[in-house]
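Notes to accompany the following structure.
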Amino acid sequence: MTQIHRLMMSLRFFPVMAVMALVLQACDNNPSPGAAKAVSSPTPPPPPRPPQSTGTVPKTDTAQRLAAAELKADEGPVSRDISKFKAEIRGTFDEGRYDELEKIAEELRASQATFGNGSWKIFQFYSALNQDDRAGDEQWNADWKGFLKWAEQYPQSVTPRIALANFLTSYAWKARGGGYANTVTDAQWKLFRERLEKSSEALMAARKLGTKDPMFYTVAGTLALGQGWPPEMYAALVNEGMATFPTYWSIPVNRAYSLLPRWQGEPGDWEKFAEQAAEFPGGLGNETYARIVNYLQDFYGNIFKETSASWPQTKAGLEIMRQKYPESKTIINVSAKLACLAGDRELAREMFAQMGNSYTPSVWSRPEQVVKFRESVASAE
């Protein structure tokens, strides 16, 4: 029995009050400047993106609003490929074609294939199987039954069990809601705990089967925060996951998120971890660093002014990403935004030139932010 398995087995005995205390502490933290939206709705780690800060967008005048109205929203071909893939996976699940899902998941685990932005296809496979948060309980429960039926038909497969665990963590956070702890009812807390425990059971069942799947570590990271795992337990999970899948960047991004002061960290902790993750043997180097900074920048007004995040290291990672994934409009937009925050006018101008009169909405808080940032580097000496 591995260290992680022993630690996970101990979860059933982990005091509920300790879990509650962690959640209460996380939800009651005061927001940092420029990040009020992010703090008011604590969420689990990725896949969900944190709410984007609006603190970096000053008041917009009429000319800027008109310029923003002229911008074309375009997530690019890679995002469209991902959306099409997820729609096909979701349709296959809804139709109960579990044999096809098994074959797809097995191939994606073996190939470790990625989309044209570096996103792992196996990650998007599981993401497609999650339910929309806006769906009603009837739809959620129908999916739950579908996962159980899938697992029954494939008793030796990790895929339906990891999919169920991922589904249940999302369902738990849906029950809890995104408000402060004192707005959560006893009934909500009860559902939150019960669904996380069911998720833990499904994840442990998957682990016993022995097949290595990177999504195991993504789901376990969500459980770690929701159930209040001790820091050493989460650290052991991360170390094992990164050693097993060194290029699966979801693991270090999740861990960096958990080291924000609202969770398990102190100021400076996530920055130190990002440096360590960039040096991890067999990993992605500065690309990992840039992905961490990009994910966490939405929790700050300006991440390079409010933290010790390194722009030179981030810039190096973004350059790697642009070379590896030239079709990704998202990476171009991210490079423009982070260059502006870091005061790198030369790179920002280059990226805005490549963007032309389009932008990717998933990167920017609103189109007016694109206009303000673009003007700030265009007018600078």
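Residues in the structure tokens are named by chain (A, B, ... in the order shown) and by number from 1 within that chain; ligands are numbered from 1 in the order shown.
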Give me, as number ranges by chain, the residues of region 114-300 of chain A that a backbone DSSP run labels alpha helix (DSSP H). A: 121-128, 137-153, 159-176, 186-209, 215-227, 231-244, 250-258, 269-278, 286-296
Looking at A:Trp173, A:Pro214, A:Val219, A:Gln112, which one is nearest to Lys190 (chain A), with distances taken over only C-alpha atoms?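 Distance minimum relative to Lys190 (chain A) lands on A:Trp173.
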Given only C-alpha atoms as the counted atoms, nearest of A:Ser335, A:Ser376, A:Thr247, A:Thr185 to Glu350 (chain A):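 Using only C-alpha atoms, Glu350 (chain A) sits closest to A:Ser335.
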Pick out the residues sitting within 7 Å of Ala163 (chain A), and hand them over as a ChimeraX atom specification; count only C-alpha atoms, and ignore anything fewer than 4 positions along from it in its own chain. /A:126,129,159,167
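Counting only C-alpha atoms, Trp144 (chain A) has the following residues at most 8 Å away, ignoring those fewer than 3 positions along the same chain: A:Trp140, A:Asn141, A:Phe147, A:Leu148, A:Leu164, A:Phe167.
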Give me, as a ChimeraX atom specification, all polymer residues having an atom no more than 10 Å from Ile303 (chain A), counting only C-alpha atoms and skipping those fewer than 4 positions away in the same chain. /A:293-294,296-299,307-311,338,341-342
May I have the residues from that selection written out with all heavy atoms, as a short mmCIF file (atom, residue, chain, number, x, y, z; two decimals), in the first residue's frame?
```
data_model
loop_
_atom_site.label_atom_id
_atom_site.label_comp_id
_atom_site.auth_asym_id
_atom_site.auth_seq_id
_atom_site.Cartn_x
_atom_site.Cartn_y
_atom_site.Cartn_z
N VAL A 293 1.51 31.17 -13.36
CA VAL A 293 1.31 32.62 -13.26
C VAL A 293 0.03 33.03 -13.98
O VAL A 293 -0.76 33.83 -13.47
CB VAL A 293 2.53 33.39 -13.80
CG1 VAL A 293 2.23 34.88 -13.90
CG2 VAL A 293 3.75 33.15 -12.90
N ASN A 294 -0.18 32.48 -15.17
CA ASN A 294 -1.38 32.83 -15.93
C ASN A 294 -2.64 32.45 -15.17
O ASN A 294 -3.60 33.22 -15.13
CB ASN A 294 -1.36 32.14 -17.29
CG ASN A 294 -2.63 32.40 -18.07
OD1 ASN A 294 -3.08 33.54 -18.17
ND2 ASN A 294 -3.22 31.35 -18.60
N LEU A 296 -3.05 32.06 -11.88
CA LEU A 296 -3.22 32.80 -10.62
C LEU A 296 -3.33 34.30 -10.81
O LEU A 296 -3.75 35.01 -9.89
CB LEU A 296 -2.06 32.49 -9.67
CG LEU A 296 -1.95 31.02 -9.23
CD1 LEU A 296 -0.86 30.89 -8.16
CD2 LEU A 296 -3.27 30.50 -8.68
N GLN A 297 -3.01 34.83 -12.00
CA GLN A 297 -3.05 36.28 -12.19
C GLN A 297 -4.45 36.85 -12.01
O GLN A 297 -4.61 38.02 -11.69
CB GLN A 297 -2.46 36.66 -13.56
CG GLN A 297 -3.13 36.04 -14.76
CD GLN A 297 -4.18 36.92 -15.41
OE1 GLN A 297 -4.34 38.08 -15.03
NE2 GLN A 297 -4.89 36.35 -16.35
N ASP A 298 -5.48 36.02 -12.20
CA ASP A 298 -6.84 36.52 -12.05
C ASP A 298 -7.21 36.79 -10.59
O ASP A 298 -8.27 37.36 -10.33
CB ASP A 298 -7.84 35.54 -12.65
CG ASP A 298 -7.84 35.59 -14.17
OD1 ASP A 298 -7.51 36.65 -14.72
OD2 ASP A 298 -8.16 34.58 -14.81
N PHE A 299 -6.37 36.39 -9.66
CA PHE A 299 -6.63 36.67 -8.25
C PHE A 299 -5.98 37.97 -7.79
O PHE A 299 -6.04 38.31 -6.60
CB PHE A 299 -6.13 35.51 -7.38
CG PHE A 299 -6.95 34.26 -7.54
CD1 PHE A 299 -6.52 33.22 -8.33
CD2 PHE A 299 -8.19 34.16 -6.92
CE1 PHE A 299 -7.29 32.08 -8.50
CE2 PHE A 299 -8.97 33.02 -7.07
CZ PHE A 299 -8.52 31.98 -7.86
N THR A 307 2.96 40.35 -6.06
CA THR A 307 3.64 39.12 -5.64
C THR A 307 5.08 39.17 -6.13
O THR A 307 5.49 40.11 -6.80
CB THR A 307 2.95 37.87 -6.23
OG1 THR A 307 3.30 37.74 -7.62
CG2 THR A 307 1.43 37.95 -6.09
N SER A 308 5.82 38.12 -5.82
CA SER A 308 7.20 38.03 -6.28
C SER A 308 7.32 37.20 -7.57
O SER A 308 8.40 36.69 -7.89
CB SER A 308 8.09 37.41 -5.20
OG SER A 308 7.64 36.12 -4.83
N ALA A 309 6.21 37.08 -8.29
CA ALA A 309 6.25 36.35 -9.56
C ALA A 309 7.27 36.99 -10.51
O ALA A 309 7.35 38.21 -10.62
CB ALA A 309 4.86 36.34 -10.21
N SER A 310 8.02 36.17 -11.20
CA SER A 310 9.08 36.64 -12.09
C SER A 310 8.56 36.84 -13.51
O SER A 310 8.09 35.88 -14.14
CB SER A 310 10.23 35.62 -12.12
OG SER A 310 11.12 35.88 -13.20
N TRP A 311 8.65 38.07 -14.02
CA TRP A 311 8.26 38.29 -15.41
C TRP A 311 9.25 37.65 -16.38
O TRP A 311 8.83 37.02 -17.36
CB TRP A 311 8.10 39.78 -15.71
CG TRP A 311 7.98 40.06 -17.19
CD1 TRP A 311 8.80 40.83 -17.96
CD2 TRP A 311 7.00 39.53 -18.09
NE1 TRP A 311 8.40 40.82 -19.27
CE2 TRP A 311 7.28 40.03 -19.39
CE3 TRP A 311 5.90 38.69 -17.93
CZ2 TRP A 311 6.52 39.71 -20.51
CZ3 TRP A 311 5.14 38.35 -19.06
CH2 TRP A 311 5.44 38.88 -20.32
N LEU A 338 -0.30 39.65 -20.02
CA LEU A 338 0.74 39.57 -19.00
C LEU A 338 1.89 40.52 -19.30
O LEU A 338 2.49 41.08 -18.37
CB LEU A 338 1.25 38.13 -18.88
CG LEU A 338 0.26 37.11 -18.32
CD1 LEU A 338 0.88 35.72 -18.25
CD2 LEU A 338 -0.22 37.53 -16.93
N LEU A 341 0.82 43.86 -17.96
CA LEU A 341 0.91 43.90 -16.50
C LEU A 341 2.36 44.03 -16.04
O LEU A 341 2.64 44.68 -15.02
CB LEU A 341 0.28 42.63 -15.91
CG LEU A 341 -1.22 42.47 -16.08
CD1 LEU A 341 -1.68 41.11 -15.56
CD2 LEU A 341 -1.98 43.58 -15.35
N ALA A 342 3.27 43.42 -16.80
CA ALA A 342 4.69 43.47 -16.43
C ALA A 342 5.39 44.72 -16.94
O ALA A 342 6.56 44.97 -16.61
CB ALA A 342 5.40 42.24 -16.96
#
```
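In this model, the gap between CA of Ala353 (chain A) and CA of Ala69 (chain A) comes to 18.1 Å.
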Residues within 9 Å of Asp213 (chain A), please, as a PyMOL selection string. Count only C-alpha atoms; anything in the same chain fewer than 5 positions from it doesn't count. chain A and resi 109+122+158-159+162+245
Pick from A:Tyr295, A:Arg345, A:Gly282, A:Lys305, whichever lies nearest to Leu260 (chain A) using only C-alpha atoms: A:Tyr295
Tell me, counting only C-alpha atoms, for each residue of region 271-329 of chain A within 9 Å of region 71-77 of chain A, which pair of atoms is nearest and how far apart they are in Å to one decimal, in rows ordered by chain and increasing number, as a Markdown table.
```
| residue | atom | partner | partner_atom | distance |
| --- | --- | --- | --- | --- |
| A:Glu327 | CA | A:Pro77 | CA | 7.2 |
| A:Ser328 | CA | A:Gly76 | CA | 6.7 |
| A:Lys329 | CA | A:Gly76 | CA | 5.4 |
```
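Considering the residues A:Arg65, A:Lys208, A:Trp263, A:Phe192 and counting only C-alpha atoms, Trp229 (chain A) has its shortest atom-to-atom contact with A:Trp263.
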Write down as number ranges by chain the residues belonging to region 58-230 of chain A that are assigned strand (DSSP E or B) by DSSP computed on the backbone. A: 72-73, 114, 120
Could those residues be written to a file, using N, CA, C and O atoms, as a CSV table (one decimal), in the first residue's frame?
```csv
chain,number,residue,atom,x,y,z
A,72,LYS,N,-13.7,41.9,-32.4
A,72,LYS,CA,-14.3,40.7,-32.7
A,72,LYS,C,-13.9,39.6,-31.7
A,72,LYS,O,-12.7,39.3,-31.5
A,73,ALA,N,-14.9,39.0,-31.0
A,73,ALA,CA,-14.6,38.0,-30.1
A,73,ALA,C,-14.3,36.7,-30.9
A,73,ALA,O,-15.1,36.2,-31.7
A,114,THR,N,-2.3,16.0,-26.7
A,114,THR,CA,-2.7,17.3,-26.3
A,114,THR,C,-3.4,18.0,-27.5
A,114,THR,O,-3.2,17.7,-28.6
A,120,TRP,N,-4.3,18.8,-22.2
A,120,TRP,CA,-4.3,17.3,-22.4
A,120,TRP,C,-5.7,16.9,-22.8
A,120,TRP,O,-6.7,17.3,-22.2
```
Within 12 Å of Pro160 (chain A) using only C-alpha atoms, minus same-chain residues under 3 positions, as a PyMOL selection string: chain A and resi 93+96+98-99+101-102+105-106+125-126+129-130+143-157+163-168+199+202-203+205-206+209+213+215-216
Output N, CA and C atoms of each residue in that selection to a file, as a short mmCIF file (atom, residue, chain, number, x, y, z; two decimals), in the first residue's frame.
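After the write, part36.cif holds the following:
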```
data_model
loop_
_atom_site.label_atom_id
_atom_site.label_comp_id
_atom_site.auth_asym_id
_atom_site.auth_seq_id
_atom_site.Cartn_x
_atom_site.Cartn_y
_atom_site.Cartn_z
N PHE A 93 -21.60 9.69 -24.05
CA PHE A 93 -22.02 9.31 -22.69
C PHE A 93 -23.55 9.33 -22.57
N GLY A 96 -25.13 6.34 -23.78
CA GLY A 96 -24.77 5.09 -23.12
C GLY A 96 -23.80 4.23 -23.88
N TYR A 98 -20.74 3.25 -23.69
CA TYR A 98 -19.60 3.19 -22.79
C TYR A 98 -18.40 2.47 -23.40
N ASP A 99 -18.66 1.52 -24.30
CA ASP A 99 -17.55 0.83 -24.95
C ASP A 99 -16.69 1.80 -25.74
N LEU A 101 -16.40 5.06 -25.12
CA LEU A 101 -15.70 5.91 -24.16
C LEU A 101 -14.47 5.19 -23.60
N GLU A 102 -14.60 3.91 -23.34
CA GLU A 102 -13.47 3.13 -22.82
C GLU A 102 -12.31 3.14 -23.81
N ALA A 105 -10.69 6.72 -23.95
CA ALA A 105 -9.91 7.03 -22.76
C ALA A 105 -8.61 6.23 -22.72
N GLU A 106 -8.68 4.97 -23.10
CA GLU A 106 -7.48 4.13 -23.10
C GLU A 106 -6.44 4.68 -24.08
N PHE A 125 -11.50 15.18 -21.93
CA PHE A 125 -12.40 14.03 -21.95
C PHE A 125 -13.24 14.00 -20.68
N TYR A 126 -12.57 14.07 -19.53
CA TYR A 126 -13.29 14.03 -18.26
C TYR A 126 -14.11 15.31 -18.03
N LEU A 129 -17.51 15.20 -19.43
CA LEU A 129 -18.47 14.34 -18.74
C LEU A 129 -19.08 15.00 -17.51
N ASN A 130 -18.59 16.17 -17.16
CA ASN A 130 -19.16 16.89 -16.02
C ASN A 130 -20.47 17.56 -16.44
N ASP A 143 -27.15 11.68 -14.56
CA ASP A 143 -25.75 11.42 -14.88
C ASP A 143 -25.13 10.47 -13.86
N TRP A 144 -25.44 10.69 -12.60
CA TRP A 144 -24.91 9.84 -11.53
C TRP A 144 -25.25 8.38 -11.82
N LYS A 145 -26.50 8.12 -12.17
CA LYS A 145 -26.92 6.76 -12.50
C LYS A 145 -26.17 6.23 -13.72
N GLY A 146 -25.91 7.13 -14.68
CA GLY A 146 -25.16 6.73 -15.86
C GLY A 146 -23.75 6.29 -15.53
N PHE A 147 -23.07 7.01 -14.64
CA PHE A 147 -21.72 6.62 -14.23
C PHE A 147 -21.72 5.28 -13.51
N LEU A 148 -22.72 5.06 -12.65
CA LEU A 148 -22.81 3.79 -11.92
C LEU A 148 -23.05 2.62 -12.88
N LYS A 149 -23.88 2.85 -13.88
CA LYS A 149 -24.15 1.81 -14.88
C LYS A 149 -22.88 1.51 -15.67
N TRP A 150 -22.16 2.55 -16.04
CA TRP A 150 -20.89 2.38 -16.77
C TRP A 150 -19.90 1.57 -15.93
N ALA A 151 -19.77 1.94 -14.66
CA ALA A 151 -18.83 1.24 -13.77
C ALA A 151 -19.23 -0.22 -13.58
N GLU A 152 -20.53 -0.48 -13.55
CA GLU A 152 -21.01 -1.85 -13.40
C GLU A 152 -20.66 -2.69 -14.62
N GLN A 153 -20.75 -2.10 -15.80
CA GLN A 153 -20.44 -2.82 -17.03
C GLN A 153 -18.93 -3.03 -17.22
N TYR A 154 -18.12 -2.13 -16.61
CA TYR A 154 -16.67 -2.23 -16.72
C TYR A 154 -16.05 -2.20 -15.32
N PRO A 155 -16.16 -3.33 -14.60
CA PRO A 155 -15.70 -3.37 -13.20
C PRO A 155 -14.19 -3.21 -13.03
N GLN A 156 -13.42 -3.43 -14.10
CA GLN A 156 -11.96 -3.31 -14.00
C GLN A 156 -11.42 -2.04 -14.63
N SER A 157 -12.30 -1.09 -14.92
CA SER A 157 -11.87 0.16 -15.57
C SER A 157 -11.84 1.32 -14.59
N ALA A 163 -14.26 9.45 -13.55
CA ALA A 163 -15.29 10.36 -14.07
C ALA A 163 -16.34 10.63 -13.00
N LEU A 164 -16.76 9.59 -12.28
CA LEU A 164 -17.75 9.75 -11.21
C LEU A 164 -17.18 10.61 -10.08
N ALA A 165 -15.93 10.36 -9.71
CA ALA A 165 -15.31 11.15 -8.64
C ALA A 165 -15.25 12.63 -9.02
N ASN A 166 -14.86 12.90 -10.26
CA ASN A 166 -14.81 14.28 -10.73
C ASN A 166 -16.19 14.92 -10.72
N PHE A 167 -17.18 14.17 -11.19
CA PHE A 167 -18.57 14.62 -11.21
C PHE A 167 -19.05 14.95 -9.80
N LEU A 168 -18.74 14.08 -8.84
CA LEU A 168 -19.25 14.26 -7.48
C LEU A 168 -18.60 15.44 -6.76
N SER A 199 -17.21 10.89 -3.60
CA SER A 199 -16.16 11.12 -4.57
C SER A 199 -14.87 10.42 -4.14
N ALA A 202 -15.11 6.70 -4.78
CA ALA A 202 -14.94 6.37 -6.20
C ALA A 202 -13.47 6.48 -6.61
N LEU A 203 -12.78 7.49 -6.08
CA LEU A 203 -11.38 7.69 -6.44
C LEU A 203 -10.51 6.57 -5.87
N ALA A 205 -11.54 3.55 -5.28
CA ALA A 205 -11.85 2.36 -6.07
C ALA A 205 -11.04 2.36 -7.36
N ALA A 206 -10.89 3.53 -7.97
CA ALA A 206 -10.08 3.64 -9.18
C ALA A 206 -8.62 3.33 -8.89
N LEU A 209 -7.48 -0.31 -8.76
CA LEU A 209 -7.41 -1.03 -10.03
C LEU A 209 -6.03 -0.93 -10.69
N ASP A 213 -3.75 7.19 -14.32
CA ASP A 213 -4.52 8.17 -15.07
C ASP A 213 -4.24 9.54 -14.47
N MET A 215 -5.83 12.28 -14.51
CA MET A 215 -6.98 12.97 -13.94
C MET A 215 -7.22 12.58 -12.49
N PHE A 216 -6.70 11.43 -12.08
CA PHE A 216 -6.79 11.04 -10.68
C PHE A 216 -6.25 12.15 -9.78
#
```
Which one is closest to Pro326 (chain A): A:Val363, A:Asn254, A:Gln227, A:Gly118? Count only C-alpha atoms.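 Checking each of A:Val363, A:Asn254, A:Gln227, A:Gly118 against Pro326 (chain A), counting only C-alpha atoms, the winner is A:Gly118.
Checking A:Asn239, A:Gln264, A:Ser119, A:Gln369 one by one against Tyr325 (chain A), counting only C-alpha atoms, you find the shortest gap at A:Ser119.
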